[in-house]
Structures are given as structure tokens and as C-alpha cells.
file input.cif (mmCIF, C-alpha atoms)
data_input
#
loop_
_atom_site.label_atom_id
_atom_site.label_comp_id
_atom_site.auth_asym_id
_atom_site.auth_seq_id
_atom_site.Cartn_x
_atom_site.Cartn_y
_atom_site.Cartn_z
CA MET K 1 -104.04 21.06 -9.54
CA LYS K 2 -107.26 19.20 -10.29
CA ARG K 3 -106.95 16.32 -12.75
CA ARG K 4 -109.55 17.83 -15.09
CA ALA K 5 -107.62 21.10 -15.26
CA PHE K 6 -104.35 19.26 -15.85
CA LEU K 7 -105.79 17.20 -18.69
CA LYS K 8 -107.09 20.41 -20.26
CA ASN K 9 -103.64 21.96 -20.05
CA THR K 10 -102.00 18.95 -21.67
CA ALA K 11 -103.59 19.93 -24.95
CA ALA K 12 -100.46 22.10 -25.22
CA ALA K 13 -98.21 19.49 -23.69
CA THR K 14 -95.36 17.52 -25.20
CA ALA K 15 -95.55 13.78 -25.79
CA LEU K 16 -92.19 12.06 -25.54
CA THR K 17 -92.35 8.81 -27.45
CA GLY K 18 -88.86 8.11 -28.74
CA ILE K 19 -87.24 6.73 -25.60
CA GLY K 20 -89.29 3.60 -25.19
CA GLY K 21 -90.85 3.57 -28.63
CA ILE K 22 -94.43 3.79 -27.36
CA SER K 23 -96.92 6.61 -27.16
CA ILE K 24 -98.94 7.92 -24.23
CA GLY K 25 -102.07 6.52 -25.77
CA SER K 26 -100.68 3.00 -25.72
CA CYS K 27 -99.95 3.05 -21.99
CA SER K 28 -102.91 0.94 -20.95
CA SER K 29 -101.24 -1.75 -18.89
CA LEU K 30 -102.58 -2.26 -15.40
CA ASN K 31 -98.94 -2.47 -14.32
CA GLN K 32 -98.14 1.00 -15.66
CA LYS K 33 -96.10 3.16 -13.30
CA HIS K 34 -96.41 6.93 -13.22
CA VAL K 35 -93.76 9.34 -11.89
CA THR K 36 -94.40 13.09 -11.76
CA ILE K 37 -91.53 15.58 -11.80
CA LEU K 38 -92.31 19.12 -10.61
CA HIS K 39 -89.71 21.82 -11.03
CA THR K 40 -88.80 25.49 -10.61
CA ASN K 41 -85.82 27.65 -11.58
CA ASP K 42 -84.58 31.19 -10.98
CA VAL K 43 -87.11 31.96 -8.25
CA HIS K 44 -84.73 34.71 -7.03
CA SER K 45 -86.15 35.09 -3.52
CA HIS K 46 -89.66 35.90 -4.74
CA ILE K 47 -91.68 34.72 -1.76
CA ASP K 48 -94.78 36.85 -2.36
CA ALA K 49 -97.08 36.95 -5.37
CA PHE K 50 -96.71 39.88 -7.74
CA PRO K 51 -99.21 42.70 -7.13
CA LYS K 52 -102.39 42.88 -9.21
CA ASP K 53 -101.17 45.98 -11.01
CA HIS K 54 -97.75 44.58 -12.00
CA SER K 55 -96.99 45.35 -15.66
CA LEU K 56 -95.65 41.90 -16.56
CA TYR K 57 -96.83 39.33 -14.02
CA PRO K 58 -100.01 40.66 -12.37
CA ASN K 59 -101.19 38.53 -9.47
CA LEU K 60 -98.88 35.65 -10.41
CA GLY K 61 -96.48 33.55 -8.38
CA GLY K 62 -96.08 33.41 -4.64
CA LEU K 63 -94.77 30.57 -2.55
CA SER K 64 -98.07 29.89 -0.78
CA ARG K 65 -99.79 29.31 -4.11
CA ARG K 66 -96.97 27.06 -5.27
CA ALA K 67 -97.27 25.09 -2.05
CA ALA K 68 -101.01 24.57 -2.59
CA LEU K 69 -100.43 23.49 -6.20
CA VAL K 70 -97.65 21.10 -5.27
CA ASP K 71 -99.77 19.63 -2.48
CA SER K 72 -102.67 19.07 -4.88
CA ILE K 73 -100.47 17.29 -7.43
CA ARG K 74 -98.89 15.12 -4.74
CA LYS K 75 -102.35 14.03 -3.64
CA GLU K 76 -103.15 13.16 -7.25
CA ASN K 77 -99.88 11.23 -7.63
CA PRO K 78 -97.87 10.46 -4.48
CA ASN K 79 -94.97 9.35 -6.72
CA THR K 80 -93.81 12.93 -7.23
CA LEU K 81 -90.43 14.66 -6.96
CA LEU K 82 -89.95 18.44 -6.59
CA LEU K 83 -86.69 19.85 -7.98
CA ASP K 84 -85.03 23.24 -8.54
CA ALA K 85 -82.45 24.32 -11.14
CA GLY K 86 -80.75 27.07 -9.15
CA ASP K 87 -80.78 30.82 -8.41
CA TYR K 88 -83.17 30.51 -5.49
CA PHE K 89 -81.26 33.44 -3.91
CA GLN K 90 -81.08 37.17 -4.73
CA GLY K 91 -83.82 39.40 -6.11
CA THR K 92 -85.92 40.74 -3.23
CA PRO K 93 -85.26 42.27 0.21
CA TYR K 94 -85.95 38.85 1.74
CA PHE K 95 -82.51 37.75 0.59
CA ASN K 96 -80.85 41.02 1.60
CA PHE K 97 -82.28 40.74 5.11
CA TYR K 98 -82.19 36.97 5.78
CA GLY K 99 -79.27 35.93 3.56
CA GLY K 100 -81.03 32.86 2.12
CA GLU K 101 -82.32 31.42 5.39
CA LEU K 102 -85.94 32.09 4.51
CA GLU K 103 -85.64 30.64 1.02
CA PHE K 104 -84.13 27.39 2.27
CA LYS K 105 -86.61 27.09 5.14
CA LEU K 106 -89.58 27.57 2.83
CA MET K 107 -88.22 25.21 0.18
CA SER K 108 -87.78 22.65 2.94
CA MET K 109 -91.38 23.17 4.07
CA LEU K 110 -92.46 22.43 0.50
CA ASN K 111 -90.36 19.26 0.69
CA TYR K 112 -88.09 19.96 -2.24
CA ASP K 113 -86.13 16.80 -3.01
CA ALA K 114 -83.00 18.34 -4.58
CA ALA K 115 -81.62 21.48 -6.20
CA THR K 116 -78.54 22.50 -8.14
CA ILE K 117 -76.53 25.69 -7.57
CA GLY K 118 -76.90 28.84 -9.66
CA ASN K 119 -74.42 31.70 -9.98
CA HIS K 120 -76.53 34.03 -7.79
CA ASP K 121 -76.49 31.46 -5.02
CA PHE K 122 -72.90 32.63 -4.42
CA ASP K 123 -73.94 36.28 -3.97
CA ASN K 124 -73.25 36.14 -0.23
CA GLY K 125 -70.09 34.20 -0.93
CA ILE K 126 -69.44 30.52 -0.57
CA ASP K 127 -69.34 31.04 3.19
CA GLY K 128 -72.79 32.62 3.05
CA LEU K 129 -74.17 29.65 1.13
CA TYR K 130 -72.54 27.24 3.55
CA ALA K 131 -74.03 29.10 6.52
CA GLN K 132 -77.55 28.44 5.22
CA LEU K 133 -77.13 24.71 4.62
CA PRO K 134 -78.60 23.72 8.02
CA HIS K 135 -81.90 25.23 6.82
CA ALA K 136 -81.99 23.11 3.66
CA LYS K 137 -83.65 19.73 4.24
CA PHE K 138 -82.80 18.68 0.68
CA ASP K 139 -79.55 17.95 -1.14
CA LEU K 140 -77.57 20.34 -3.34
CA LEU K 141 -76.24 18.59 -6.46
CA SER K 142 -73.38 19.54 -8.76
CA ALA K 143 -71.26 17.23 -10.90
CA ASN K 144 -68.99 19.90 -12.40
CA TYR K 145 -68.17 22.18 -9.46
CA ASP K 146 -65.17 20.94 -7.49
CA PHE K 147 -65.47 22.28 -3.95
CA LYS K 148 -62.24 20.79 -2.67
CA ASN K 149 -60.41 23.28 -0.42
CA THR K 150 -63.66 25.17 0.28
CA VAL K 151 -66.17 25.01 3.13
CA LEU K 152 -68.62 23.23 0.81
CA ASP K 153 -66.32 20.25 0.36
CA GLY K 154 -68.35 17.15 1.24
CA HIS K 155 -71.63 19.07 1.43
CA VAL K 156 -72.61 18.97 -2.25
CA LYS K 157 -73.32 15.67 -4.01
CA LYS K 158 -72.68 14.90 -7.67
CA HIS K 159 -75.97 13.04 -7.90
CA LYS K 160 -78.69 11.42 -5.86
CA ILE K 161 -80.95 8.42 -6.43
CA PHE K 162 -84.59 8.41 -5.36
CA LYS K 163 -86.78 5.31 -5.04
CA VAL K 164 -90.18 6.15 -6.48
CA ASP K 165 -92.91 3.52 -6.91
CA GLY K 166 -90.30 0.78 -7.17
CA LEU K 167 -88.30 2.73 -9.76
CA LYS K 168 -84.88 4.33 -9.40
CA VAL K 169 -84.78 8.00 -10.40
CA GLY K 170 -81.26 9.43 -10.66
CA VAL K 171 -80.72 13.20 -10.53
CA TYR K 172 -77.47 15.08 -11.15
CA GLY K 173 -76.55 18.76 -11.25
CA ILE K 174 -74.58 20.89 -13.72
CA GLY K 175 -73.47 24.49 -13.10
CA ILE K 176 -72.44 27.44 -15.24
CA GLU K 177 -68.94 28.96 -15.56
CA LEU K 178 -68.59 31.32 -12.59
CA ASN K 179 -65.75 33.47 -13.92
CA GLY K 180 -67.26 36.61 -15.40
CA LEU K 181 -70.53 36.12 -13.54
CA VAL K 182 -69.37 35.96 -9.93
CA ASN K 183 -66.52 37.77 -8.23
CA LYS K 184 -63.68 35.32 -7.56
CA ALA K 185 -63.63 36.46 -3.94
CA LEU K 186 -67.15 35.05 -3.55
CA PHE K 187 -66.66 31.54 -4.93
CA LYS K 188 -63.02 31.33 -3.79
CA GLU K 189 -61.35 28.00 -4.69
CA THR K 190 -64.43 26.50 -6.33
CA ARG K 191 -63.28 24.94 -9.60
CA TYR K 192 -65.57 24.85 -12.62
CA MET K 193 -65.15 21.85 -14.91
CA TYR K 194 -66.37 21.82 -18.49
CA PRO K 195 -69.92 20.47 -18.22
CA TYR K 196 -70.48 18.12 -21.15
CA ALA K 197 -67.95 15.47 -20.14
CA LEU K 198 -68.96 15.67 -16.48
CA ALA K 199 -72.63 15.27 -17.42
CA GLN K 200 -71.76 12.19 -19.45
CA ASP K 201 -69.87 10.76 -16.48
CA ALA K 202 -72.80 11.45 -14.15
CA GLU K 203 -75.47 9.99 -16.41
CA LYS K 204 -73.38 6.89 -17.07
CA ALA K 205 -72.86 6.38 -13.33
CA LEU K 206 -76.61 6.61 -12.78
CA LYS K 207 -77.83 4.54 -15.74
CA VAL K 208 -75.11 1.96 -16.33
CA TYR K 209 -73.74 1.38 -12.86
CA GLU K 210 -76.67 2.30 -10.62
CA LYS K 211 -79.31 0.95 -13.05
CA CYS K 212 -81.59 3.95 -12.77
CA ASP K 213 -84.87 3.77 -14.67
CA LEU K 214 -85.02 7.55 -15.17
CA VAL K 215 -82.13 10.04 -15.32
CA ILE K 216 -82.65 13.78 -14.79
CA CYS K 217 -80.19 16.67 -15.07
CA LEU K 218 -80.65 19.88 -13.09
CA SER K 219 -78.79 22.44 -15.18
CA HIS K 220 -77.96 26.08 -14.63
CA LEU K 221 -76.15 26.45 -17.96
CA GLY K 222 -78.90 28.33 -19.79
CA TYR K 223 -81.29 27.18 -22.51
CA ASP K 224 -79.48 28.47 -25.63
CA TYR K 225 -77.16 31.29 -26.80
CA GLU K 226 -76.24 33.01 -30.05
CA ASN K 227 -72.67 32.00 -29.25
CA LYS K 228 -72.94 28.25 -29.80
CA ASP K 229 -69.55 27.70 -28.16
CA LYS K 230 -71.06 28.65 -24.81
CA PRO K 231 -72.35 25.53 -23.03
CA ASN K 232 -76.14 25.36 -23.05
CA ASP K 233 -78.94 22.90 -22.41
CA LEU K 234 -79.85 22.22 -26.03
CA MET K 235 -76.28 21.25 -26.84
CA LEU K 236 -75.98 19.30 -23.59
CA ALA K 237 -79.01 17.27 -24.63
CA GLN K 238 -77.38 16.43 -27.97
CA LYS K 239 -74.24 15.21 -26.22
CA THR K 240 -75.91 12.95 -23.66
CA GLU K 241 -76.83 9.29 -24.00
CA TYR K 242 -78.73 8.26 -20.88
CA THR K 243 -80.38 11.48 -19.64
CA ASP K 244 -84.15 11.60 -20.12
CA LEU K 245 -84.89 15.15 -18.92
CA ILE K 246 -82.88 18.36 -18.53
CA ILE K 247 -84.46 20.89 -16.19
CA GLY K 248 -82.80 24.20 -16.96
CA GLY K 249 -82.26 27.64 -15.52
CA HIS K 250 -80.24 30.86 -15.79
CA THR K 251 -81.65 32.31 -19.04
CA HIS K 252 -85.17 32.81 -17.61
CA THR K 253 -86.60 31.06 -20.66
CA PHE K 254 -90.38 30.69 -20.65
CA LEU K 255 -91.41 27.44 -22.32
CA ASP K 256 -95.07 26.44 -22.54
CA LYS K 257 -93.96 22.87 -23.06
CA PRO K 258 -90.63 21.03 -23.06
CA THR K 259 -88.42 21.04 -26.13
CA ILE K 260 -87.70 17.63 -27.65
CA VAL K 261 -84.04 17.16 -28.67
CA LYS K 262 -82.36 14.14 -30.23
CA ASN K 263 -79.49 12.88 -28.09
CA LYS K 264 -76.24 11.37 -29.37
CA THR K 265 -77.97 8.02 -29.98
CA ASP K 266 -80.93 9.65 -31.81
CA LYS K 267 -83.34 9.15 -28.92
CA ASN K 268 -85.66 11.86 -27.62
CA ILE K 269 -84.73 13.87 -24.56
CA LEU K 270 -86.82 16.62 -22.96
CA VAL K 271 -85.39 20.07 -22.14
CA ASN K 272 -87.58 22.33 -20.03
CA GLN K 273 -87.39 25.67 -18.26
CA VAL K 274 -90.24 27.66 -16.69
CA GLY K 275 -89.05 31.26 -16.79
CA CYS K 276 -88.34 32.89 -13.45
CA TYR K 277 -89.64 34.27 -10.13
CA GLY K 278 -91.81 31.27 -9.34
CA ILE K 279 -94.68 32.34 -11.58
CA ASN K 280 -94.73 28.93 -13.28
CA LEU K 281 -94.38 25.37 -12.08
CA GLY K 282 -93.04 22.79 -14.51
CA ARG K 283 -94.73 19.40 -14.58
CA ILE K 284 -93.43 16.35 -16.44
CA ASP K 285 -95.31 13.06 -16.15
CA PHE K 286 -93.35 9.93 -17.00
CA TYR K 287 -95.11 6.63 -17.66
CA PHE K 288 -93.49 3.19 -17.57
CA ASP K 289 -95.29 0.16 -18.95
CA ASP K 290 -94.75 -3.38 -17.69
CA LEU K 291 -91.78 -3.74 -20.08
CA ASN K 292 -90.26 -0.54 -18.64
CA ASN K 293 -90.82 1.39 -21.88
CA LEU K 294 -90.96 5.11 -21.22
CA SER K 295 -93.20 7.93 -22.43
CA ALA K 296 -93.99 11.39 -21.05
CA ASN K 297 -96.15 14.49 -21.05
CA GLY K 298 -94.90 17.96 -20.11
CA VAL K 299 -96.62 21.25 -19.35
CA SER K 300 -95.94 24.60 -17.67
CA ILE K 301 -98.55 25.62 -15.09
CA LYS K 302 -99.23 29.23 -14.05
CA VAL K 303 -99.04 29.62 -10.29
#
call {"tool": "encode", "arguments": {"input": "input.cif", "output": "C-alpha cells"}}
result
Amino acid sequence: MKRRAFLKNTAAATALTGIGGISIGSCSSLNQKHVTILHTNDVHSHIDAFPKDHSLYPNLGGLSRRAALVDSIRKENPNTLLLDAGDYFQGTPYFNFYGGELEFKLMSMLNYDAATIGNHDFDNGIDGLYAQLPHAKFDLLSANYDFKNTVLDGHVKKHKIFKVDGLKVGVYGIGIELNGLVNKALFKETRYMYPYALAQDAEKALKVYEKCDLVICLSHLGYDYENKDKPNDLMLAQKTEYTDLIIGGHTHTFLDKPTIVKNKTDKNILVNQVGCYGINLGRIDFYFDDLNNLSANGVSIKV
């Protein structure tokens, strides 16, 4: 989107100042680095825009519009990553007819950098997901699904590191409990591991051992639940130490701006989710000064 329009939208944006202890307004160094994170979740095979007479989302969404928006932002800031928090499959006849091939091909054309796996991405079975992998020119990430003894063994990474403007951006994935959501015959021997400890292992690997400047979690746990014993993104944020941003999915939660949560060391972490069906694109802008202090703005953009 145009810079003027983006700056107008950031009137409703979130300023993250607790990580590096500086504010957006103080980022005036000529050596400042700027990384933009774009994200989607729960697109559910919605390739086309909603019709003009739709009761909830008239004339919103559509992959071609998202592509134009993403392209505009990348021209504004080439140091941009595009990520997805799962459930790209299931929801329109495109999935029923093509089995996920079209979704992966189009995401690849948009140059998605990584995605995690949602429960509906198993709707054609683990074999169906595996069959579409050749069409995905991006990595699938999951730190708490063990795919040993399945066809996906060796095809899903726990995390990935991207080099962006001289910075290291580490991204890891976290998935929801499949039992009760997905028929066991579909996910077969996939083993779900309790997410909080696995997230802590992943973020420590990225920050402490790999020395990442920015750590991002792609989560399909869900934003929040009445049952606080059910793993969710807000609680995950409180239990992390090195993660800077959680990009969520599953609960189709529409946030105008990211939620700021205090992590286990009392530092700010952003949690964001942009609803569903591709009608919004999340944008988080991270700024690093010459001392590597970190601040951020976040906004949800209508597509």
C-alpha cells in the first residue's frame, strides 16, 4: 500500500517499546534497519474476493488484491517477509476440486516465505498434504508435531532463519492438538507435543544458539479460550522469553492491532491475528537502531 495510506492507518497501530526500551519516535539513527512482516491466517481456500452483496464481507479479500498489496509493500520496503499461520486449505470448491494444489501454487507465486500447519490442512489426510508439497516453494514449520513414521518425516522444519538487511530473523511453528479436531485416520502417526515447552526450546535455539535478532512464532493454537487450560497464544506469550511476535490462527480472531503481552521476563511481546478468509493482511514493522534496540508498529489492512 502507499506510504501515506499506511501512515494514516498507523494511527490505530500498536507501538512496541518494551523490548529495546526505545520508542518509535526515537528511531532517528541513519543506521536504523527496518524489517516488515506481512502475515495471513485461516485463508481457507478463499481465492476470489467476496461478492459485493455479501452480508459480512462485501467486496473484500481475494488473492489478486492481496498480491497487489504485498507487491506494493515490498517495493516500499524490500526487507519484507510474508508468513502464514495455517489453515490455507478447506473452505471453497477450489480445495474440493484441486486438493490444495491451487492454494500452494498461488502462495508460491506470492513468494510466501514460510507457513505453519493448521488442523484443516490435514483434511485430505497427511498423504494429501504430502502430495501437494511439490507445489509449495516455501517451508512448512512445526516445532511440536513429530512426523516420525509418517510421509512428512523430514519435510517439515522446526524453524527457519532468514537473512534480512543484515539481520537474522528466526521463525518457528506451533500447532494445535489434533485429537478431537481431526480424524486419527487423517493425521495417522503424527504426534502432538505440548506446545509451551517446545516453543521455549525453539525460541532458545534461535535466539541463544543461532543469535537471531528477531524471533517469530507462527501459531495455530488459537488466540484465547474461556478454558484457560487449553493452550492459546496469549498464554504462550506469557511463557516465552525470546519470542518477539506471535502470529496466530485457528480462532478467526479479528484484531485491528496486535495485542501487547508481558512475557516471562516482563518484556513486551506482540500477539496478532487477522481474522480469516484473506480479507485482512497483517503488517508489523520492526525497527532496529544502531545499538540493535528494537521497536515496532502493527496494523491490520483490509484487502
call {"tool": "resolve_selection", "arguments": {"input": "input.cif", "expression": "the PyMOL selection byres ((chain K and resi 247) around 12)", "output": "PyMOL selection string"}}
result
chain K and resi 37-42+82-86+114-116+171-175+215-223+232-234+236-237+243-246+248-250+253+255+257-259+269-275+281-284+298
call {"tool": "atom_distance", "arguments": {"input": "input.cif", "atom1": "CA of Phe288 in chain K", "atom2": "CA of Leu214 in chain K"}}
result
9.8 Å
call {"tool": "atom_distance", "arguments": {"input": "input.cif", "atom1": "CA of Tyr98 in chain K", "atom2": "CA of His44 in chain K"}}
result
13.3 Å
call {"tool": "axis_aligned_box", "arguments": {"input": "input.cif", "around": "range 283-286 of chain K", "padding_each_side": "3 Å", "output": "JSON"}}
result
{"center_x": -94.3, "center_y": 14.7, "center_z": -15.8, "size_x": 8.0, "size_y": 15.5, "size_z": 8.4}
call {"tool": "atom_distance", "arguments": {"input": "input.cif", "atom1": "CA of His120 in chain K", "atom2": "CA of Gln90 in chain K"}}
result
6.3 Å
call {"tool": "resolve_selection", "arguments": {"input": "input.cif", "expression": "the PyMOL selection byres ((chain K and resi 145-161) around 7)", "output": "VMD selection string"}}
result
chain K and resid 127 130 140 to 144 162 to 163 168 to 173 175 189 to 193
call {"tool": "resolve_selection", "arguments": {"input": "input.cif", "expression": "the PyMOL selection byres ((chain K and resi 70) around 12)", "output": "compact mmCIF listing (two decimals) with C-alpha atoms, keeping the file's coordinate frame"}}
result
# COMPACT_ATOMS: atom_id res chain seq x y z
CA MET K 1 -104.04 21.06 -9.54
CA LYS K 2 -107.26 19.20 -10.29
CA THR K 36 -94.40 13.09 -11.76
CA ILE K 37 -91.53 15.58 -11.80
CA LEU K 38 -92.31 19.12 -10.61
CA HIS K 39 -89.71 21.82 -11.03
CA THR K 40 -88.80 25.49 -10.61
CA LEU K 63 -94.77 30.57 -2.55
CA SER K 64 -98.07 29.89 -0.78
CA ARG K 65 -99.79 29.31 -4.11
CA ARG K 66 -96.97 27.06 -5.27
CA ALA K 67 -97.27 25.09 -2.05
CA ALA K 68 -101.01 24.57 -2.59
CA LEU K 69 -100.43 23.49 -6.20
CA ASP K 71 -99.77 19.63 -2.48
CA SER K 72 -102.67 19.07 -4.88
CA ILE K 73 -100.47 17.29 -7.43
CA ARG K 74 -98.89 15.12 -4.74
CA LYS K 75 -102.35 14.03 -3.64
CA GLU K 76 -103.15 13.16 -7.25
CA ASN K 77 -99.88 11.23 -7.63
CA PRO K 78 -97.87 10.46 -4.48
CA THR K 80 -93.81 12.93 -7.23
CA LEU K 81 -90.43 14.66 -6.96
CA LEU K 82 -89.95 18.44 -6.59
CA LEU K 83 -86.69 19.85 -7.98
CA MET K 107 -88.22 25.21 0.18
CA MET K 109 -91.38 23.17 4.07
CA LEU K 110 -92.46 22.43 0.50
CA ASN K 111 -90.36 19.26 0.69
CA TYR K 112 -88.09 19.96 -2.24
CA ASN K 280 -94.73 28.93 -13.28
CA LEU K 281 -94.38 25.37 -12.08
CA GLY K 282 -93.04 22.79 -14.51
CA ARG K 283 -94.73 19.40 -14.58
CA ILE K 301 -98.55 25.62 -15.09
CA VAL K 303 -99.04 29.62 -10.29
call {"tool": "residues_around", "arguments": {"input": "input.cif", "residues": "Gly166 in chain K", "least_positions_apart": "5", "cutoff": "12 Å", "atoms": "all atoms listed in the file", "output": "list in words"}}
result
Asn31, Gln32, Lys33, His34, Val35, Asn79, Cys212, Asp213, Leu214, Phe288 and Asn292 of chain K
call {"tool": "residues_around", "arguments": {"input": "input.cif", "residues": "Thr265 in chain K", "least_positions_apart": "5", "cutoff": "9 Å", "atoms": "all atoms listed in the file", "output": "number ranges by chain"}}
result
K: 238-241
call {"tool": "closest_residue", "arguments": {"input": "input.cif", "among": "K:Asp53, K:Asn227, K:Ile126, K:Tyr242", "to": "Lys207 in chain K", "atoms": "all atoms listed in the file"}}
result
K:Tyr242
call {"tool": "residues_around", "arguments": {"input": "input.cif", "residues": "Gly91 in chain K", "least_positions_apart": "2", "cutoff": "9 Å", "atoms": "all atoms listed in the file", "output": "list in words"}}
result
Val43, His44, Ser45, His46, Tyr88, Phe89, Pro93, Tyr94, Phe95, Asn96 and Tyr277 of chain K
call {"tool": "closest_residue", "arguments": {"input": "input.cif", "among": "K:Ile47, K:Ala185, K:Ser55, K:Phe254", "to": "Leu106 in chain K", "atoms": "only C-alpha atoms"}}
result
K:Ile47
call {"tool": "build_atoms", "arguments": {"input": "input.cif", "residues": "range 211-226 of chain K", "atoms": "N, CA and C atoms", "output": "short mmCIF file (atom, residue, chain, number, x, y, z; two decimals), in the frame of the given file"}}
result
data_model
loop_
_atom_site.label_atom_id
_atom_site.label_comp_id
_atom_site.auth_asym_id
_atom_site.auth_seq_id
_atom_site.Cartn_x
_atom_site.Cartn_y
_atom_site.Cartn_z
N LYS K 211 -78.11 1.54 -12.44
CA LYS K 211 -79.31 0.95 -13.05
C LYS K 211 -80.57 1.79 -12.82
N CYS K 212 -80.44 3.09 -12.94
CA CYS K 212 -81.59 3.95 -12.77
C CYS K 212 -82.56 3.80 -13.94
N ASP K 213 -83.84 3.86 -13.64
CA ASP K 213 -84.87 3.77 -14.67
C ASP K 213 -85.10 5.11 -15.36
N LEU K 214 -84.81 6.21 -14.66
CA LEU K 214 -85.02 7.55 -15.17
C LEU K 214 -83.84 8.41 -14.72
N VAL K 215 -83.28 9.19 -15.64
CA VAL K 215 -82.13 10.04 -15.32
C VAL K 215 -82.47 11.50 -15.65
N ILE K 216 -82.28 12.38 -14.67
CA ILE K 216 -82.65 13.78 -14.79
C ILE K 216 -81.44 14.66 -14.50
N CYS K 217 -81.24 15.68 -15.30
CA CYS K 217 -80.19 16.67 -15.07
C CYS K 217 -80.81 17.98 -14.62
N LEU K 218 -80.32 18.52 -13.51
CA LEU K 218 -80.65 19.88 -13.09
C LEU K 218 -79.52 20.78 -13.57
N SER K 219 -79.82 21.63 -14.52
CA SER K 219 -78.79 22.44 -15.18
C SER K 219 -79.00 23.92 -14.94
N HIS K 220 -77.90 24.62 -14.67
CA HIS K 220 -77.96 26.08 -14.63
C HIS K 220 -77.06 26.68 -15.72
N LEU K 221 -76.97 25.98 -16.86
CA LEU K 221 -76.15 26.45 -17.96
C LEU K 221 -76.83 27.54 -18.78
N GLY K 222 -78.15 27.48 -18.88
CA GLY K 222 -78.90 28.33 -19.79
C GLY K 222 -79.44 27.53 -20.96
N TYR K 223 -80.59 27.94 -21.48
CA TYR K 223 -81.29 27.18 -22.51
C TYR K 223 -80.54 27.17 -23.83
N ASP K 224 -80.15 28.37 -24.34
CA ASP K 224 -79.48 28.47 -25.63
C ASP K 224 -78.85 29.86 -25.73
N TYR K 225 -77.84 30.00 -26.60
CA TYR K 225 -77.16 31.29 -26.80
C TYR K 225 -76.84 31.47 -28.27
N GLU K 226 -76.70 32.73 -28.69
CA GLU K 226 -76.24 33.01 -30.05
C GLU K 226 -74.83 32.46 -30.26
#
